[in-house]
Protein chains: 2
Amino acid sequence: MEIEINIDDDVPLFTQVMEQIKQAVSAGHCLPGSALPSIRQLSSDLEINSKTVAKAYRLLERDQIIQTKGHRGTFVHPNAKANCTINLQERAVADLTRAIQTLKNVNLTDSEIRNAFALVMNGQGPKGQ
Amino acid sequence: MEIEINIDDDVPLFTQVMEQIKQAVSAGHCLPGSALPSIRQLSSDLEINSKTVAKAYRLLERDQIIQTKGHRGTFVHPNAKANCTINLQERAVADLTRAIQTLKNVNLTDSEIRNAFALVMNGQGPKGQ
DNA sequence: TATTGTACCCCTACATCAAAGGGTACATAT
DNA sequence: ATATGTACCCTTTGATGTAGGGGTACAATA
């Protein structure tokens, strides 16, 4: 588990942490069930804020790459290697591309699309949800 | 064709112009085929920039509320009244709500959804379109 | 008691975007 | 010559969102 962080890189720190852990899992350097360093430990090693590591861990657990067992620590998910191939971001881009394309086809302005998007994201969607 | 503009209103000026013209058409105060004031004329009357009026006219023409006939001026669209009921913004909100809801259902972060949206809007969507 | 993940609060720096205006120019048609 | 819609260039202003950090606190457990 050797992770290197470049603060000068324009890739966000939490993304770098995520990618490197994913890479280690994919390469077989981290086997399912093995323990990962604690959030505080890793943040100390990398000399970055613990909240940044916590964010990376939180997203990795959502993606089922790791498993957190409360106070007992964090471990590699049993199905981690397979789940590394799932890319939610690509899924999001694909879904949104379809939706946006249909809106552009009826000549909606980029501004209008952005505006509608903001309304939905801010919970001011249709029928005041 | 009496249009009143409130600069203090938080509704954008071009939106106010659009809404009031739509309102006049819906109420039957502007019959199909009748002429609208020119962009320069209306911007002068309202004491706002001509580009603001031009933007309102451009969008109204897209929505087929008005028709611009080049140098001859701008006129109310033959089917204006019916087209006033079509709300593209609602369409956009509805479409995006569906897409975003499915993404939230797989626990995508708001940040990730916004990020994917930005990629698509900036033409960096899937497969380098 | 110390460590675990987690959940709050507040803050700064930075980027992006929308709205609006200022200005200039163009081809077309009367 | 004049008025039409239109298409560019530039600018300022304000709002919003992200990344990251600082700090504090909590229940559970070994």
# chains A, B, ... in the order shown; residues from 1 in each chain; ligands from 1
call {"tool": "interface_residues", "arguments": {"of": "chain B", "to": "chain D", "cutoff": "12 Å", "atoms": "only C-alpha atoms (C1' of nucleotides)", "output": "ChimeraX atom specification"}}
result
/B:10,37-41,50-51,53-55,57-58,61,67-74,110-112,114-115,118
call {"tool": "residues_around", "arguments": {"residues": "Thr52 in chain A", "least_positions_apart": "4", "cutoff": "8 Å", "atoms": "only C-alpha atoms (C1' of nucleotides)", "output": "compact mmCIF listing (two decimals) with N, CA and C atoms (P, O5', C5', C4', C3', O3' and C1' of nucleotides), in the first residue's frame"}}
result
# COMPACT_ATOMS: atom_id res chain seq x y z
N LEU A 13 -7.14 15.78 -4.49
CA LEU A 13 -6.43 14.83 -3.63
C LEU A 13 -7.27 13.59 -3.35
N PHE A 14 -8.54 13.79 -3.02
CA PHE A 14 -9.35 12.61 -2.68
C PHE A 14 -9.47 11.69 -3.90
N SER A 43 -3.94 9.72 6.53
CA SER A 43 -3.83 11.18 6.37
C SER A 43 -2.53 11.68 6.97
N ILE A 48 -1.89 14.93 4.53
CA ILE A 48 -3.06 15.65 4.06
C ILE A 48 -4.13 15.56 5.15
N ALA A 56 -12.44 10.05 0.44
CA ALA A 56 -12.03 9.00 -0.49
C ALA A 56 -12.57 7.64 -0.01
P DG D 20 -8.92 17.98 -3.06
O5' DG D 20 -8.60 18.73 -1.70
C5' DG D 20 -7.89 19.96 -1.75
C4' DG D 20 -8.04 20.69 -0.44
C3' DG D 20 -7.84 19.83 0.81
O3' DG D 20 -6.50 19.98 1.25
C1' DG D 20 -9.55 21.52 1.05
call {"tool": "residues_around", "arguments": {"residues": "Ala82 in chain A", "least_positions_apart": "4", "cutoff": "12 Å", "atoms": "only C-alpha atoms (C1' of nucleotides)", "output": "list in words"}}
result
Lys22, Val25, Ser26, Ala27, Gly28, Pro32, Asp63, Gln64, Ile65, Ile66, Val76, His77, Pro78, Ile86 and Asn87 of chain A
call {"tool": "select_by_dssp", "arguments": {"residues": "chain B", "states": "alpha helix (DSSP H)", "output": "number ranges by chain"}}
result
B: 13-26, 39-46, 50-62, 80-83, 88-105, 110-121
call {"tool": "interface_residues", "arguments": {"of": "chain C", "to": "chain A", "cutoff": "12 Å", "atoms": "only C-alpha atoms (C1' of nucleotides)", "output": "list in words"}}
result
DA2, DT3, DT4, DG5, DT6, DA7, DT16, DC17, DA18 and DA19 of chain C
call {"tool": "closest_atom_pairs", "arguments": {"of": "chain A", "to": "chain B", "cutoff": "9 Å", "atoms": "only C-alpha atoms", "output": "CSV"}}
result
residue,atom,partner,partner_atom,distance
A:Leu59,CA,B:Thr109,CA,8.7
A:Arg62,CA,B:Asn107,CA,7.2
A:Asp63,CA,B:Asn107,CA,8.9
A:Leu88,CA,B:Leu108,CA,7.3
A:Gln89,CA,B:Ala116,CA,6.6
A:Glu90,CA,B:Pro126,CA,7.6
A:Arg91,CA,B:Leu103,CA,8.1
A:Ala92,CA,B:Ala116,CA,6.0
A:Val93,CA,B:Ala116,CA,5.1
A:Ala94,CA,B:Pro126,CA,6.7
A:Asp95,CA,B:Ala99,CA,6.2
A:Leu96,CA,B:Ala99,CA,6.4
A:Thr97,CA,B:Val120,CA,6.0
A:Arg98,CA,B:Ala99,CA,8.8
A:Ala99,CA,B:Asp95,CA,6.2
A:Ile100,CA,B:Leu96,CA,7.8
A:Thr102,CA,B:Asp95,CA,8.8
A:Leu103,CA,B:Ala92,CA,6.4
A:Val106,CA,B:Leu88,CA,8.3
A:Asn107,CA,B:Arg62,CA,7.3
A:Leu108,CA,B:Leu88,CA,7.3
A:Thr109,CA,B:Leu59,CA,8.8
A:Asp110,CA,B:Met121,CA,7.6
A:Glu112,CA,B:Gln89,CA,7.0
A:Ile113,CA,B:Ala92,CA,6.5
A:Arg114,CA,B:Met121,CA,8.5
A:Asn115,CA,B:Gln89,CA,8.6
A:Ala116,CA,B:Val93,CA,5.1
A:Phe117,CA,B:Leu96,CA,6.5
A:Leu119,CA,B:Val93,CA,7.4
A:Val120,CA,B:Thr97,CA,6.0
A:Met121,CA,B:Asp110,CA,7.6
A:Gly125,CA,B:Val93,CA,6.4
A:Pro126,CA,B:Ala94,CA,6.7
